$ cat model.cif   # mmCIF, C-alpha atoms, pLDDT in the B column; chains and numbers go by the auth columns
data_coords
loop_
_atom_site.group_PDB
_atom_site.id
_atom_site.type_symbol
_atom_site.label_atom_id
_atom_site.label_comp_id
_atom_site.label_asym_id
_atom_site.label_seq_id
_atom_site.Cartn_x
_atom_site.Cartn_y
_atom_site.Cartn_z
_atom_site.B_iso_or_equiv
_atom_site.auth_seq_id
_atom_site.auth_asym_id
ATOM 1 C CA MET A 1 -29.967 64.359 62.669 39.00 948 Q
ATOM 2 C CA LEU A 2 -27.699 64.320 59.636 42.00 949 Q
ATOM 3 C CA THR A 3 -26.241 61.010 58.593 44.00 950 Q
ATOM 4 C CA ARG A 4 -23.451 60.455 56.163 47.00 951 Q
ATOM 5 C CA GLN A 5 -24.547 58.807 52.925 49.00 952 Q
ATOM 6 C CA PRO A 6 -22.459 56.150 51.167 52.00 953 Q
ATOM 7 C CA ALA A 7 -20.410 57.329 48.167 53.00 954 Q
ATOM 8 C CA GLY A 8 -22.651 55.400 45.753 59.00 955 Q
ATOM 9 C CA HIS A 9 -25.689 57.491 46.735 58.00 956 Q
ATOM 10 C CA LEU A 10 -23.778 60.704 46.123 60.00 957 Q
ATOM 11 C CA GLN A 11 -22.701 59.570 42.649 71.00 958 Q
ATOM 12 C CA MET A 12 -26.277 58.604 41.806 73.00 959 Q
ATOM 13 C CA GLN A 13 -27.552 61.999 42.959 72.00 960 Q
ATOM 14 C CA TRP A 14 -25.053 63.803 40.702 75.00 961 Q
ATOM 15 C CA PHE A 15 -26.020 61.527 37.793 79.00 962 Q
ATOM 16 C CA LEU A 16 -29.726 62.273 38.293 78.00 963 Q
ATOM 17 C CA LEU A 17 -28.998 65.990 38.571 76.00 964 Q
ATOM 18 C CA GLY A 18 -27.111 65.826 35.264 78.00 965 Q
ATOM 19 C CA VAL A 19 -30.041 64.047 33.589 82.00 966 Q
ATOM 20 C CA VAL A 20 -32.476 66.692 34.894 80.00 967 Q
ATOM 21 C CA VAL A 21 -30.251 69.544 33.667 79.00 968 Q
ATOM 22 C CA ILE A 22 -29.918 67.997 30.197 84.00 969 Q
ATOM 23 C CA ALA A 23 -33.683 67.393 30.055 82.00 970 Q
ATOM 24 C CA LEU A 24 -34.361 71.008 31.073 80.00 971 Q
ATOM 25 C CA LEU A 25 -31.945 72.320 28.437 80.00 972 Q
ATOM 26 C CA TYR A 26 -33.642 70.240 25.749 81.00 973 Q
ATOM 27 C CA MET A 27 -37.105 71.230 26.991 80.00 974 Q
ATOM 28 C CA SER A 28 -36.163 74.935 27.077 80.00 975 Q
ATOM 29 C CA THR A 29 -35.733 75.017 23.280 83.00 976 Q
ATOM 30 C CA ARG A 30 -39.350 73.946 22.704 84.00 977 Q
ATOM 31 C CA TYR A 31 -41.164 74.856 25.944 81.00 978 Q
ATOM 32 C CA PRO A 32 -39.202 77.602 27.694 82.00 979 Q
ATOM 33 C CA ARG A 33 -41.946 78.552 30.188 85.00 980 Q
ATOM 34 C CA THR A 34 -42.404 74.979 31.341 83.00 981 Q
ATOM 35 C CA ALA A 35 -38.642 74.409 31.622 79.00 982 Q
ATOM 36 C CA PHE A 36 -38.098 77.554 33.692 80.00 983 Q
ATOM 37 C CA SER A 37 -41.121 76.725 35.873 84.00 984 Q
ATOM 38 C CA ILE A 38 -39.633 73.296 36.614 82.00 985 Q
ATOM 39 C CA LEU A 39 -36.234 74.902 37.271 81.00 986 Q
ATOM 40 C CA GLY A 40 -37.856 77.356 39.720 84.00 987 Q
ATOM 41 C CA ALA A 41 -39.662 74.520 41.518 84.00 988 Q
ATOM 42 C CA LEU A 42 -36.397 72.576 41.790 82.00 989 Q
ATOM 43 C CA ALA A 43 -34.602 75.644 43.167 82.00 990 Q
ATOM 44 C CA VAL A 44 -37.313 76.164 45.811 84.00 991 Q
ATOM 45 C CA GLY A 45 -37.163 72.461 46.715 79.00 992 Q
ATOM 46 C CA ALA A 46 -33.364 72.554 46.970 77.00 993 Q
ATOM 47 C CA ALA A 47 -33.509 75.651 49.198 78.00 994 Q
ATOM 48 C CA ALA A 48 -36.071 73.944 51.455 77.00 995 Q
ATOM 49 C CA ILE A 49 -33.837 70.882 51.780 75.00 996 Q
ATOM 50 C CA VAL A 50 -30.761 72.993 52.558 73.00 997 Q
ATOM 51 C CA PHE A 51 -32.555 75.010 55.243 73.00 998 Q
ATOM 52 C CA SER A 52 -34.191 71.966 56.834 70.00 999 Q
ATOM 53 C CA THR A 53 -30.908 70.040 57.051 65.00 1000 Q
ATOM 54 C CA ARG A 54 -29.129 73.141 58.344 59.00 1001 Q
ATOM 55 C CA GLU A 55 -31.659 73.388 61.177 50.00 1002 Q
ATOM 56 C CA ASP A 56 -31.187 69.680 61.922 46.00 1003 Q
ATOM 57 C CA ALA A 57 -27.426 70.221 62.063 52.00 1004 Q
ATOM 58 C CA VAL A 58 -27.788 73.111 64.515 52.00 1005 Q
ATOM 59 C CA LEU A 59 -30.231 71.181 66.676 46.00 1006 Q
ATOM 60 C CA GLY A 60 -28.088 68.078 66.403 46.00 1007 Q
ATOM 61 C CA ARG A 61 -25.076 69.651 68.054 57.00 1008 Q
ATOM 62 C CA HIS A 62 -24.258 67.627 71.091 63.00 1009 Q
ATOM 63 C CA LYS A 63 -24.419 69.620 74.265 71.00 1010 Q
ATOM 64 C CA LEU A 64 -22.429 68.496 77.257 81.00 1011 Q
ATOM 65 C CA PRO A 65 -24.327 68.338 80.525 90.00 1012 Q
ATOM 66 C CA VAL A 66 -23.840 71.665 82.304 91.00 1013 Q
ATOM 67 C CA GLY A 67 -22.931 69.746 85.458 92.00 1014 Q
ATOM 68 C CA ASP A 68 -19.848 68.297 83.727 93.00 1015 Q
ATOM 69 C CA ILE A 69 -18.255 71.748 83.459 94.00 1016 Q
ATOM 70 C CA SER A 70 -17.188 73.613 86.575 94.00 1017 Q
ATOM 71 C CA ILE A 71 -15.574 76.929 87.438 95.00 1018 Q
ATOM 72 C CA GLU A 72 -12.647 76.959 89.851 95.00 1019 Q
ATOM 73 C CA ASN A 73 -10.569 79.765 91.348 95.00 1020 Q
ATOM 74 C CA ALA A 74 -12.837 82.487 89.985 95.00 1021 Q
ATOM 75 C CA VAL A 75 -11.537 85.961 90.787 95.00 1022 Q
ATOM 76 C CA ILE A 76 -12.831 89.344 89.694 93.00 1023 Q
ATOM 77 C CA THR A 77 -10.706 92.458 90.084 93.00 1024 Q
ATOM 78 C CA PRO A 78 -11.405 96.055 89.066 89.00 1025 Q
ATOM 79 C CA ALA A 79 -9.991 96.988 85.669 88.00 1026 Q
ATOM 80 C CA TYR A 80 -9.969 100.157 83.582 87.00 1027 Q
ATOM 81 C CA GLY A 81 -13.028 102.274 82.795 82.00 1028 Q
ATOM 82 C CA GLY A 82 -15.326 100.698 85.367 80.00 1029 Q
ATOM 83 C CA SER A 83 -14.916 97.212 83.920 89.00 1030 Q
ATOM 84 C CA TYR A 84 -13.697 94.120 85.738 91.00 1031 Q
ATOM 85 C CA GLN A 85 -11.114 91.448 84.978 95.00 1032 Q
ATOM 86 C CA PHE A 86 -12.552 87.922 85.289 95.00 1033 Q
ATOM 87 C CA ASN A 87 -10.022 85.103 85.756 96.00 1034 Q
ATOM 88 C CA ALA A 88 -10.994 81.495 86.364 96.00 1035 Q
ATOM 89 C CA ARG A 89 -10.312 77.889 85.472 97.00 1036 Q
ATOM 90 C CA LEU A 90 -12.872 75.877 83.511 96.00 1037 Q
ATOM 91 C CA VAL A 91 -12.794 72.149 84.207 96.00 1038 Q
ATOM 92 C CA ASN A 92 -14.271 69.594 81.796 95.00 1039 Q
ATOM 93 C CA SER A 93 -15.016 66.558 83.964 94.00 1040 Q
ATOM 94 C CA ASN A 94 -16.828 64.737 81.156 92.00 1041 Q
ATOM 95 C CA ARG A 95 -15.057 61.478 80.389 90.00 1042 Q
ATOM 96 C CA SER A 96 -15.511 61.388 76.641 89.00 1043 Q
ATOM 97 C CA HIS A 97 -16.388 64.750 75.056 90.00 1044 Q
ATOM 98 C CA LEU A 98 -14.332 67.812 74.146 92.00 1045 Q
ATOM 99 C CA LEU A 99 -15.768 71.134 75.334 93.00 1046 Q
ATOM 100 C CA LYS A 100 -15.725 73.792 72.606 91.00 1047 Q
ATOM 101 C CA GLU A 101 -17.886 76.495 74.120 92.00 1048 Q
ATOM 102 C CA ALA A 102 -19.384 77.475 77.457 92.00 1049 Q
ATOM 103 C CA VAL A 103 -21.508 80.369 78.606 94.00 1050 Q
ATOM 104 C CA VAL A 104 -20.598 81.688 82.055 95.00 1051 Q
ATOM 105 C CA SER A 105 -23.204 83.802 83.828 95.00 1052 Q
ATOM 106 C CA ILE A 106 -21.539 86.337 86.138 94.00 1053 Q
ATOM 107 C CA THR A 107 -23.767 88.075 88.662 93.00 1054 Q
ATOM 108 C CA MET A 108 -22.673 91.185 90.584 91.00 1055 Q
ATOM 109 C CA LEU A 109 -24.207 91.493 94.060 90.00 1056 Q
ATOM 110 C CA ASP A 110 -24.230 94.602 96.241 89.00 1057 Q
ATOM 111 C CA CYS A 111 -24.215 93.627 99.916 88.00 1058 Q
ATOM 112 C CA PRO A 112 -24.678 96.610 102.275 84.00 1059 Q
ATOM 113 C CA HIS A 113 -24.156 94.424 105.373 77.00 1060 Q
ATOM 114 C CA GLN A 114 -21.954 91.429 106.133 69.00 1061 Q
ATOM 115 C CA SER A 115 -24.917 89.100 105.749 67.00 1062 Q
ATOM 116 C CA ALA A 116 -25.392 87.556 102.317 66.00 1063 Q
ATOM 117 C CA ASP A 117 -29.169 87.501 102.859 75.00 1064 Q
ATOM 118 C CA ASP A 118 -29.819 91.111 101.916 82.00 1065 Q
ATOM 119 C CA CYS A 119 -27.659 91.375 98.779 87.00 1066 Q
ATOM 120 C CA ALA A 120 -29.152 92.985 95.685 88.00 1067 Q
ATOM 121 C CA VAL A 121 -28.313 91.997 92.122 89.00 1068 Q
ATOM 122 C CA ILE A 122 -26.947 95.119 90.439 90.00 1069 Q
ATOM 123 C CA GLY A 123 -25.355 93.572 87.363 89.00 1070 Q
ATOM 124 C CA GLN A 124 -25.354 90.420 85.295 92.00 1071 Q
ATOM 125 C CA ALA A 125 -23.309 89.424 82.264 92.00 1072 Q
ATOM 126 C CA ASP A 126 -23.201 86.266 80.147 93.00 1073 Q
ATOM 127 C CA GLU A 127 -19.759 85.570 78.744 93.00 1074 Q
ATOM 128 C CA ARG A 128 -19.564 83.146 75.792 93.00 1075 Q
ATOM 129 C CA ILE A 129 -16.207 81.397 76.051 93.00 1076 Q
ATOM 130 C CA ASN A 130 -14.894 79.690 72.914 92.00 1077 Q
ATOM 131 C CA ILE A 131 -12.241 77.292 74.151 92.00 1078 Q
ATOM 132 C CA LYS A 132 -11.230 73.709 73.511 93.00 1079 Q
ATOM 133 C CA ILE A 133 -10.946 71.654 76.681 94.00 1080 Q
ATOM 134 C CA PRO A 134 -10.425 67.910 76.162 94.00 1081 Q
ATOM 135 C CA ALA A 135 -12.275 65.425 78.354 93.00 1082 Q
ATOM 136 C CA GLY A 136 -10.896 65.358 81.894 94.00 1083 Q
ATOM 137 C CA GLN A 137 -8.792 68.514 81.474 95.00 1084 Q
ATOM 138 C CA ALA A 138 -8.944 72.173 82.525 96.00 1085 Q
ATOM 139 C CA ARG A 139 -7.987 75.524 81.007 96.00 1086 Q
ATOM 140 C CA ASP A 140 -7.507 78.984 82.493 96.00 1087 Q
ATOM 141 C CA ILE A 141 -9.561 81.838 81.084 95.00 1088 Q
ATOM 142 C CA ALA A 142 -9.404 85.614 81.382 94.00 1089 Q
ATOM 143 C CA ARG A 143 -12.035 88.069 80.200 93.00 1090 Q
ATOM 144 C CA THR A 144 -12.829 91.727 80.705 93.00 1091 Q
ATOM 145 C CA VAL A 145 -16.436 92.113 81.828 92.00 1092 Q
ATOM 146 C CA SER A 146 -18.450 95.319 81.925 90.00 1093 Q
ATOM 147 C CA PHE A 147 -21.496 96.057 84.065 85.00 1094 Q
ATOM 148 C CA SER A 148 -22.864 99.338 82.773 79.00 1095 Q
ATOM 149 C CA GLY A 149 -24.620 101.496 85.332 76.00 1096 Q
ATOM 150 C CA ALA A 150 -23.658 99.330 88.320 77.00 1097 Q
ATOM 151 C CA ASN A 151 -22.822 101.520 91.326 80.00 1098 Q
ATOM 152 C CA PRO A 152 -22.312 99.373 94.438 82.00 1099 Q
ATOM 153 C CA ALA A 153 -23.037 100.981 97.811 82.00 1100 Q
ATOM 154 C CA GLY A 154 -21.716 98.141 99.969 83.00 1101 Q
ATOM 155 C CA ALA A 155 -19.404 95.188 99.548 86.00 1102 Q
ATOM 156 C CA LEU A 156 -19.339 93.401 96.207 87.00 1103 Q
ATOM 157 C CA ARG A 157 -20.010 89.690 95.978 90.00 1104 Q
ATOM 158 C CA TRP A 158 -20.010 87.543 92.876 91.00 1105 Q
ATOM 159 C CA GLN A 159 -21.838 84.475 91.638 93.00 1106 Q
ATOM 160 C CA PHE A 160 -20.662 82.329 88.741 95.00 1107 Q
ATOM 161 C CA LYS A 161 -22.666 79.727 86.913 95.00 1108 Q
ATOM 162 C CA ILE A 162 -22.238 77.703 83.705 94.00 1109 Q
ATOM 163 C CA THR A 163 -25.521 78.119 81.820 93.00 1110 Q
ATOM 164 C CA GLU A 164 -24.767 76.517 78.442 91.00 1111 Q
ATOM 165 C CA THR A 165 -22.194 74.202 76.873 91.00 1112 Q
ATOM 166 C CA ARG A 166 -21.408 72.827 73.423 86.00 1113 Q
ATOM 167 C CA ASN A 167 -18.918 70.337 72.093 79.00 1114 Q
#

$ encode --input "model.cif" --output "C-alpha cells"
Amino acid sequence: MLTRQPAGHLQMQWFLLGVVVIALLYMSTRYPRTAFSILGALAVGAAAIVFSTREDAVLGRHKLPVGDISIENAVITPAYGGSYQFNARLVNSNRSHLLKEAVVSITMLDCPHQSADDCAVIGQADERINIKIPAGQARDIARTVSFSGANPAGALRWQFKITETRN
C-alpha cells in the first residue's frame, strides 16, 4: 500500500536526482555510450517503480463490504426501443465510509407460470453506478438498461444484487 513520505525525503530525492543528472551530463562529454546506458537503465527502473506503485494503488483501494450496500424500492418499467428504465434507492449502511461506486447486477427472469420455481434467466446486465453516498445515507438512481435479444414468453420477474463496491 502507498504511504506518504515526509517532506524531507522528497527534498532528498530531488537533490539526488539533480546530482545524478549533473553527473550524467558531465559523463556524456567524455563517455557518451556509458552515460546514455546509465540513463536508459534509470528510465527503465523509474518506469518499473511507477507501474508497481500504480498497481499497489489500484489494489489498495478500500472496498466496502457488499453487505453494507442495499437496494430498496427497485422498479423496472419498459422504456423505448426494447430497453427498460431501472429506478431504485441505494443505501449505504456503513458507519464510516463514503460509497463512490457500486455494481448492480440486474437479472431478467421469464416465468411462464405463476410459480417462481420454473423461471428462466433470459437477460443479465451489470450496471456500474458512480455515485457518492455518505455513510448512513441513501441516494436514488435511475438508469436505462438494455437486454438485447430477450423475448419473454411469460411474466417478467427481476432480481437485483450488489456485486461490487468501492469507496

$ closest_atom_pairs --input "model.cif" --of "region 970-1058 of chain Q" --to "region 1102-1110 of chain Q" --cutoff "6 Å" --atoms "only C-alpha atoms" --output "Markdown table"
| residue | atom | partner | partner_atom | distance |
| --- | --- | --- | --- | --- |
| Q:Val1050 | CA | Q:Thr1110 | CA | 5.6 |
| Q:Val1051 | CA | Q:Ile1109 | CA | 4.6 |
| Q:Ser1052 | CA | Q:Lys1108 | CA | 5.1 |
| Q:Ile1053 | CA | Q:Phe1107 | CA | 4.9 |
| Q:Thr1054 | CA | Q:Gln1106 | CA | 5.1 |
| Q:Met1055 | CA | Q:Trp1105 | CA | 5.1 |
| Q:Leu1056 | CA | Q:Arg1104 | CA | 5.0 |
| Q:Asp1057 | CA | Q:Leu1103 | CA | 5.0 |
| Q:Cys1058 | CA | Q:Ala1102 | CA | 5.1 |

$ resolve_selection --input "model.cif" --expression "the PyMOL selection byres ((chain Q and resi 1076-1080) around 10)" --output "JSON, numbers by chain"
{"Q": [1016, 1037, 1038, 1039, 1040, 1044, 1045, 1046, 1047, 1048, 1049, 1050, 1051, 1073, 1074, 1075, 1081, 1082, 1083, 1084, 1085, 1086, 1087, 1088, 1089, 1090, 1112, 1113, 1114]}

$ residues_around --input "model.cif" --residues "Ser984 (chain Q)" --least-positions-apart "5" --cutoff "12 Å" --atoms "all atoms listed in the file" --output "count of residues only"
8

$ atom_distance --input "model.cif" --atom1 "CA of Ile985 (chain Q)" --atom2 "CA of Tyr973 (chain Q)"
12.8 Å

$ closest_residue --input "model.cif" --among "Q:Thr1091, Q:Thr976, Q:Asn1098, Q:Gln1071" --to "Ala1035 (chain Q)" --atoms "all atoms listed in the file"
Q:Thr1091

$ atom_distance --input "model.cif" --atom1 "CA of Asn1034 (chain Q)" --atom2 "CA of Ala1021 (chain Q)"
5.7 Å

$ atom_distance --input "model.cif" --atom1 "CA of Phe1033 (chain Q)" --atom2 "CA of Phe1094 (chain Q)"
12.2 Å

$ axis_aligned_box --input "model.cif" --around "region 1064-1071 of chain Q" --padding-each-side "5 Å" --output "lines of an AutoDock Vina configuration file"
center_x = -27.6
center_y = 91.3
center_z = 94.1
size_x = 14.5
size_y = 17.6
size_z = 27.6

$ closest_residue --input "model.cif" --among "Q:Ala1097, Q:Leu972, Q:Val1068, Q:Val1092" --to "Ile1023 (chain Q)" --atoms "only C-alpha atoms"
Q:Val1092

$ closest_residue --input "model.cif" --among "Q:Gln1032, Q:Asn1041, Q:Ala1067, Q:Pro1099" --to "Pro1012 (chain Q)" --atoms "all atoms listed in the file"
Q:Asn1041

$ decode --input "model.cif" --residues "region 971-995 of chain Q" --atoms "C-alpha atoms" --output "tab-separated table (two decimals), in the first residue's frame"
chain	number	residue	atom	x	y	z
Q	971	LEU	CA	25.38	12.14	-16.43
Q	972	LEU	CA	25.82	15.45	-18.27
Q	973	TYR	CA	29.49	15.59	-17.28
Q	974	MET	CA	29.99	11.91	-18.15
Q	975	SER	CA	28.29	12.34	-21.55
Q	976	THR	CA	31.06	14.68	-22.76
Q	977	ARG	CA	33.73	12.00	-22.25
Q	978	TYR	CA	31.82	8.69	-22.28
Q	979	PRO	CA	28.55	9.21	-24.16
Q	980	ARG	CA	27.70	5.50	-24.55
Q	981	THR	CA	28.12	4.82	-20.85
Q	982	ALA	CA	26.12	7.92	-19.88
Q	983	PHE	CA	23.22	7.03	-22.17
Q	984	SER	CA	23.31	3.40	-20.99
Q	985	ILE	CA	23.01	4.57	-17.38
Q	986	LEU	CA	20.22	6.98	-18.38
Q	987	GLY	CA	18.35	4.11	-20.10
Q	988	ALA	CA	18.74	1.89	-17.03
Q	989	LEU	CA	17.43	4.69	-14.80
Q	990	ALA	CA	14.45	5.23	-17.12
Q	991	VAL	CA	13.59	1.51	-17.05
Q	992	GLY	CA	13.94	1.49	-13.25
Q	993	ALA	CA	11.73	4.57	-12.91
Q	994	ALA	CA	9.07	3.02	-15.17
Q	995	ALA	CA	9.14	-0.18	-13.09
